[in-house]
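Have a look at final-v3.txt below; it lists compact mmCIF, C-alpha atoms (C1' of nucleotides).
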# COMPACT_ATOMS: atom_id res chain seq x y z
CA MET A 1 142.62 232.88 32.27
CA PRO A 2 140.94 234.52 29.31
CA ARG A 3 141.05 231.39 27.24
CA SER A 4 138.53 231.14 24.46
CA ASP A 5 136.03 228.33 24.55
CA GLU A 6 137.91 226.60 21.83
CA ALA A 7 141.17 226.85 23.70
CA GLN A 8 139.46 225.64 26.82
CA ALA A 9 138.19 222.63 24.94
CA PHE A 10 141.71 221.96 23.76
CA PHE A 11 143.02 222.12 27.30
CA HIS A 12 140.30 219.79 28.42
CA ALA A 13 141.04 217.31 25.64
CA VAL A 14 144.73 217.35 26.46
CA TYR A 15 144.18 216.79 30.16
CA SER A 16 141.77 213.96 29.46
CA ALA A 17 144.21 212.31 27.08
CA VAL A 18 147.02 212.60 29.59
CA GLN A 19 144.84 211.02 32.24
CA GLU A 20 144.49 208.05 29.92
CA ILE A 21 148.16 207.27 30.28
CA PRO A 22 148.53 204.32 32.63
CA PRO A 23 151.05 204.45 35.48
CA GLY A 24 154.50 203.22 34.59
CA LYS A 25 154.10 204.36 30.99
CA VAL A 26 155.06 207.49 29.11
CA THR A 27 154.14 209.14 25.82
CA SER A 28 155.11 212.20 23.82
CA TYR A 29 153.51 215.62 23.45
CA GLY A 30 153.08 214.96 19.75
CA HIS A 31 151.14 211.83 20.44
CA ILE A 32 148.79 213.63 22.79
CA ALA A 33 148.40 216.36 20.20
CA LYS A 34 147.39 213.74 17.67
CA LEU A 35 144.91 212.15 20.04
CA VAL A 36 143.18 215.46 20.61
CA GLY A 37 142.98 216.01 16.87
CA THR A 38 145.62 218.71 16.56
CA PRO A 39 148.86 217.01 15.50
CA GLN A 40 150.32 220.36 14.59
CA ARG A 41 150.29 221.71 18.10
CA PRO A 42 152.53 219.64 20.33
CA ARG A 43 153.74 222.88 21.87
CA GLN A 44 150.30 223.78 23.03
CA VAL A 45 150.18 220.47 24.84
CA GLY A 46 153.19 221.64 26.79
CA VAL A 47 151.43 224.92 27.45
CA CYS A 48 148.50 223.02 28.89
CA LEU A 49 150.67 221.11 31.30
CA LYS A 50 152.60 224.24 32.15
CA HIS A 51 149.42 226.00 33.09
CA LEU A 52 148.03 222.94 34.75
CA PRO A 53 146.16 224.40 37.73
CA ASP A 54 147.09 223.53 41.26
CA SER A 55 144.35 222.08 43.41
CA THR A 56 145.38 224.38 46.21
CA THR A 57 145.64 227.65 44.35
CA THR A 58 142.46 227.30 42.36
CA PRO A 59 138.89 226.96 43.63
CA THR A 60 137.54 223.89 41.89
CA PRO A 61 139.62 223.00 38.88
CA ARG A 62 138.39 220.09 36.84
CA PHE A 63 141.97 219.10 36.22
CA HIS A 64 144.87 219.86 38.43
CA HIS A 65 148.47 219.04 39.14
CA THR A 66 147.40 216.18 41.34
CA ASN A 67 144.96 214.28 39.17
CA VAL A 68 146.71 214.77 35.84
CA PRO A 69 149.80 212.61 35.31
CA TRP A 70 151.69 215.38 33.53
CA GLN A 71 154.86 213.55 34.46
CA ARG A 72 154.10 210.81 31.95
CA VAL A 73 154.42 213.19 29.04
CA ILE A 74 157.89 213.63 27.56
CA ASN A 75 159.22 214.73 24.18
CA ALA A 76 159.47 212.59 21.05
CA LYS A 77 163.17 212.06 21.61
CA GLY A 78 162.30 210.00 24.65
CA ILE A 79 163.83 212.64 26.87
CA VAL A 80 162.23 214.55 29.71
CA SER A 81 161.83 218.12 28.50
CA PRO A 82 164.53 220.19 30.18
CA ARG A 83 162.18 223.19 30.19
CA SER A 84 163.36 226.33 32.04
CA GLN A 85 163.91 224.98 35.51
CA PRO A 86 166.26 221.98 35.71
CA SER A 87 164.75 220.95 39.01
CA GLY A 88 161.40 220.63 37.31
CA ALA A 89 162.62 218.12 34.77
CA HIS A 90 164.49 216.31 37.48
CA ASN A 91 161.36 216.29 39.57
CA GLN A 92 159.44 214.84 36.65
CA ALA A 93 162.04 212.12 36.23
CA ALA A 94 161.83 211.33 39.92
CA ALA A 95 158.07 211.07 39.71
CA LEU A 96 158.40 208.67 36.79
CA GLU A 97 160.88 206.48 38.60
CA ALA A 98 158.49 206.46 41.53
CA GLU A 99 156.02 204.80 39.17
CA GLY A 100 158.53 202.24 38.06
CA VAL A 101 159.77 204.00 34.94
CA THR A 102 163.50 203.66 34.44
CA VAL A 103 165.07 207.01 33.65
CA THR A 104 168.67 207.10 32.51
CA THR A 105 170.81 210.21 32.64
CA GLY A 106 172.83 210.95 29.52
CA PRO A 107 176.27 212.55 29.38
CA LEU A 108 174.72 215.99 29.09
CA GLY A 109 172.34 215.38 31.94
CA GLU A 110 169.47 214.49 29.65
CA LEU A 111 166.83 212.36 31.29
CA MET A 112 166.13 209.58 28.83
CA VAL A 113 163.27 207.09 28.91
CA ASP A 114 163.15 203.95 26.79
CA PHE A 115 160.04 204.24 24.64
CA GLY A 116 160.40 200.63 23.58
CA GLU A 117 159.89 199.68 27.19
CA PHE A 118 157.71 202.36 28.73
CA GLY A 119 156.25 203.97 25.62
CA TRP A 120 152.49 204.09 25.54
CA PHE A 121 150.73 204.31 22.20
CA PRO A 122 146.96 203.97 22.58
CA ALA A 123 144.93 205.04 19.61
CA VAL A 124 147.54 204.67 16.91
CA LEU A 125 145.93 205.71 13.71
CA PRO A 126 145.44 203.01 11.04
CA SER A 127 147.53 205.04 8.62
CA GLU A 128 150.44 204.86 10.99
CA GLU A 129 149.95 201.16 11.47
CA ALA A 130 150.10 200.71 7.72
CA GLN A 131 153.20 202.85 7.54
CA ARG A 132 154.83 200.74 10.21
CA VAL A 133 154.15 197.56 8.31
CA GLY A 134 155.13 199.18 5.05
CA ALA A 135 158.70 199.62 6.21
CA SER A 136 160.59 197.08 4.17
CA ASP A 137 164.13 197.16 5.46
CA GLU A 138 164.42 197.05 9.20
CA GLU A 139 167.35 195.65 11.04
CA GLY A 140 167.33 196.76 14.63
CA GLU A 141 163.65 196.24 15.09
CA GLU A 142 162.73 195.42 18.65
CA GLY A 143 159.45 194.02 19.75
CA SER A 144 156.41 196.20 19.89
CA GLU A 145 154.77 197.22 23.09
CA ASN A 146 151.36 197.27 24.47
CA GLY A 147 150.12 198.11 27.91
CA ASP A 148 146.42 197.66 27.70
C1' DA B 149 148.51 246.45 20.76
C1' DA B 150 152.79 244.33 19.32
C1' DT B 151 156.80 241.39 20.15
C1' DA B 152 159.20 237.69 22.35
C1' DT B 153 159.19 232.90 24.44
C1' DG B 154 158.35 228.23 25.12
C1' DA B 155 157.09 221.31 29.13
C1' DC B 156 157.49 220.25 20.73
C1' DG B 157 157.59 218.08 16.12
C1' DT B 158 158.71 217.65 11.34
C1' DC B 159 161.16 218.72 7.12
C1' DA B 160 165.18 220.45 4.60
C1' DC B 161 170.00 220.64 4.17
C1' DC C 162 173.19 211.49 11.63
C1' DG C 163 173.69 216.83 13.41
C1' DT C 164 171.95 221.68 12.76
C1' DG C 165 168.72 225.09 11.20
C1' DA C 166 164.23 226.97 10.00
C1' DC C 167 159.23 226.96 10.25
C1' DG C 168 154.66 226.10 12.13
C1' DC C 169 151.46 226.90 16.21
C1' DC C 170 149.32 229.59 19.70
C1' DA C 171 148.69 230.68 24.83
C1' DT C 172 151.37 233.61 28.15
C1' DA C 173 154.37 237.17 29.55
C1' DT C 174 156.50 241.80 28.90
Would you kindly transcribe this structure into structure tokens?
Amino acid sequence: MPRSDEAQAFFHAVYSAVQEIPPGKVTSYGHIAKLVGTPQRPRQVGVCLKHLPDSTTTPTPRFHHTNVPWQRVINAKGIVSPRSQPSGAHNQAAALEAEGVTVTTGPLGELMVDFGEFGWFPAVLPSEEAQRVGASDEEGEEGSENGD
DNA sequence: AATATGACGTCAC
DNA sequence: CGTGACGCCATAT
């Protein structure tokens, strides 16, 4: 685990941000990346969760697979990242449903989650808010969402 | 030490 | 609106 201090800080920030996600809600890697101040590294967020330590295999990890709701993080397409092991994604979907999140399976087996219903967007930057409002022509605009 | 991958996102075409 | 290319950087070979 030769991670530099900076990298370690990044990991820490990511884990903390993920812990902020309330049960029954989901968000994207990109959003977490933004929250931690590195919007250009959504992939690294995935790396963090991938290397999320297990409370049983590690001595005293500050964050581990049990206290970090890694399951609530999906990709921007609103789909559970297929990653390498299908069972993993399926497991994630199951964990989400266990929290009350409705996961629908697409024709290709993609595990889709409705962001408009379960999406969690905490510290949306003012610039984005402005951009949202700036959109002039919207037709299929559904209501916004807010969990907290 | 160098090269290949990946739990992603955005832009260009 | 689908596909391709690039950026990013910790891990794995």
Closest atom pairs, chain C residues within 10 Å of chain A, only C-alpha atoms (C1' of nucleotides), as CSV:
residue,atom,partner,partner_atom,distance
C:DG168,C1',A:Gln40,CA,7.6
C:DC169,C1',A:Arg41,CA,5.6
C:DC170,C1',A:Gln44,CA,6.8
C:DA171,C1',A:Val47,CA,6.9
C:DT172,C1',A:Val47,CA,8.7
Within 9 Å of chain A, which residues of chain B show up? Give each one with its shortest atom-to-atom distance in Å (one decimal) and the two atoms involved, counting all atoms listed in the file, rows by chain then rising residue number, as a Markdown table.
| residue | atom | partner | partner_atom | distance |
| --- | --- | --- | --- | --- |
| B:DG154 | C1' | A:Arg43 | CA | 7.8 |
| B:DA155 | C1' | A:Gly46 | CA | 4.6 |
| B:DC156 | C1' | A:Arg43 | CA | 4.7 |
| B:DG157 | C1' | A:Gly30 | CA | 6.6 |
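Interatomic distance, atom CA of A:His64 against atom CA of A:Phe121: 23.2 Å.
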Between atom CA of A:Asp114 and atom CA of A:Gly78, what is the spacing in Å? 6.5 Å
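Taking atom CA of A:Asn67 as the reference point, atom CA of A:Ser87 is found at 20.9 Å.
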Long-range neighbours of A:Leu52 as a list in words, 10 Å cut-off, only C-alpha atoms (C1' of nucleotides), 6 positions minimum in chain: Phe11, Tyr15, Gly46, Pro61, Phe63, His64, His65, Thr66, Val68 and Trp70 of chain A
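Around the point (157.3, 219.7, 7.0), within 9 Å and counting all atoms listed in the file, we find these residues: B:DT158, B:DC159, B:DA160, C:DC167, C:DG168.
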Give me stretch 108-119 of chain A with all heavy atoms filled in, as a CSV table (one decimal), keeping the file's coordinate frame.
chain,number,residue,atom,x,y,z
A,108,LEU,N,175.0,214.6,29.0
A,108,LEU,CA,174.7,216.0,29.1
A,108,LEU,C,173.7,216.3,30.1
A,108,LEU,O,173.1,217.4,30.3
A,108,LEU,CB,174.3,216.5,27.7
A,108,LEU,CG,175.3,216.3,26.6
A,108,LEU,CD1,174.7,216.8,25.3
A,108,LEU,CD2,176.6,217.1,26.9
A,109,GLY,N,173.3,215.2,30.9
A,109,GLY,CA,172.3,215.4,31.9
A,109,GLY,C,170.9,215.2,31.4
A,109,GLY,O,170.0,215.5,32.1
A,110,GLU,N,170.8,214.7,30.2
A,110,GLU,CA,169.5,214.5,29.6
A,110,GLU,C,168.8,213.3,30.3
A,110,GLU,O,169.4,212.2,30.4
A,110,GLU,CB,169.6,214.3,28.1
A,110,GLU,CG,170.6,213.2,27.9
A,110,GLU,CD,171.7,213.5,26.9
A,110,GLU,OE1,171.9,214.7,26.6
A,110,GLU,OE2,172.3,212.6,26.4
A,111,LEU,N,167.6,213.4,30.6
A,111,LEU,CA,166.8,212.4,31.3
A,111,LEU,C,166.1,211.5,30.2
A,111,LEU,O,165.1,211.9,29.8
A,111,LEU,CB,165.9,213.0,32.3
A,111,LEU,CG,166.6,213.9,33.3
A,111,LEU,CD1,165.5,214.7,34.1
A,111,LEU,CD2,167.4,213.0,34.3
A,112,MET,N,166.7,210.4,29.9
A,112,MET,CA,166.1,209.6,28.8
A,112,MET,C,165.3,208.4,29.3
A,112,MET,O,165.6,207.8,30.3
A,112,MET,CB,167.3,209.0,28.0
A,112,MET,CG,168.3,210.1,27.6
A,112,MET,SD,169.6,209.4,26.6
A,112,MET,CE,170.5,208.4,27.9
A,113,VAL,N,164.2,208.2,28.6
A,113,VAL,CA,163.3,207.1,28.9
A,113,VAL,C,163.1,206.2,27.7
A,113,VAL,O,163.0,206.7,26.6
A,113,VAL,CB,161.9,207.6,29.3
A,113,VAL,CG1,160.9,206.5,29.6
A,113,VAL,CG2,162.0,208.5,30.5
A,114,ASP,N,163.2,204.9,27.9
A,114,ASP,CA,163.2,204.0,26.8
A,114,ASP,C,161.7,203.8,26.3
A,114,ASP,O,160.9,203.1,27.0
A,114,ASP,CB,163.7,202.6,27.3
A,114,ASP,CG,163.8,201.6,26.1
A,114,ASP,OD1,163.3,202.0,25.0
A,114,ASP,OD2,164.3,200.5,26.3
A,115,PHE,N,161.4,204.3,25.2
A,115,PHE,CA,160.0,204.2,24.6
A,115,PHE,C,159.7,202.8,24.3
A,115,PHE,O,158.5,202.4,24.5
A,115,PHE,CB,159.9,205.1,23.4
A,115,PHE,CG,159.4,206.5,23.6
A,115,PHE,CD1,160.2,207.5,23.3
A,115,PHE,CD2,158.2,206.7,24.1
A,115,PHE,CE1,159.8,208.8,23.6
A,115,PHE,CE2,157.7,207.9,24.4
A,115,PHE,CZ,158.5,209.0,24.1
A,116,GLY,N,160.7,202.0,23.9
A,116,GLY,CA,160.4,200.6,23.6
A,116,GLY,C,160.0,199.8,24.8
A,116,GLY,O,159.4,198.7,24.7
A,117,GLU,N,160.2,200.4,26.0
A,117,GLU,CA,159.9,199.7,27.2
A,117,GLU,C,158.7,200.3,27.9
A,117,GLU,O,157.8,199.7,28.4
A,117,GLU,CB,161.1,199.7,28.1
A,117,GLU,CG,161.0,198.7,29.2
A,117,GLU,CD,160.8,197.2,28.7
A,117,GLU,OE1,161.4,196.9,27.7
A,117,GLU,OE2,160.1,196.5,29.3
A,118,PHE,N,158.7,201.6,28.0
A,118,PHE,CA,157.7,202.4,28.7
A,118,PHE,C,156.8,203.2,27.8
A,118,PHE,O,155.9,203.8,28.3
A,118,PHE,CB,158.4,203.3,29.8
A,118,PHE,CG,159.3,202.5,30.7
A,118,PHE,CD1,160.7,202.5,30.5
A,118,PHE,CD2,158.7,201.7,31.7
A,118,PHE,CE1,161.5,201.8,31.4
A,118,PHE,CE2,159.6,201.0,32.6
A,118,PHE,CZ,161.0,201.1,32.4
A,119,GLY,N,157.1,203.2,26.5
A,119,GLY,CA,156.2,204.0,25.6
A,119,GLY,C,154.8,203.5,25.6
A,119,GLY,O,154.6,202.3,25.6
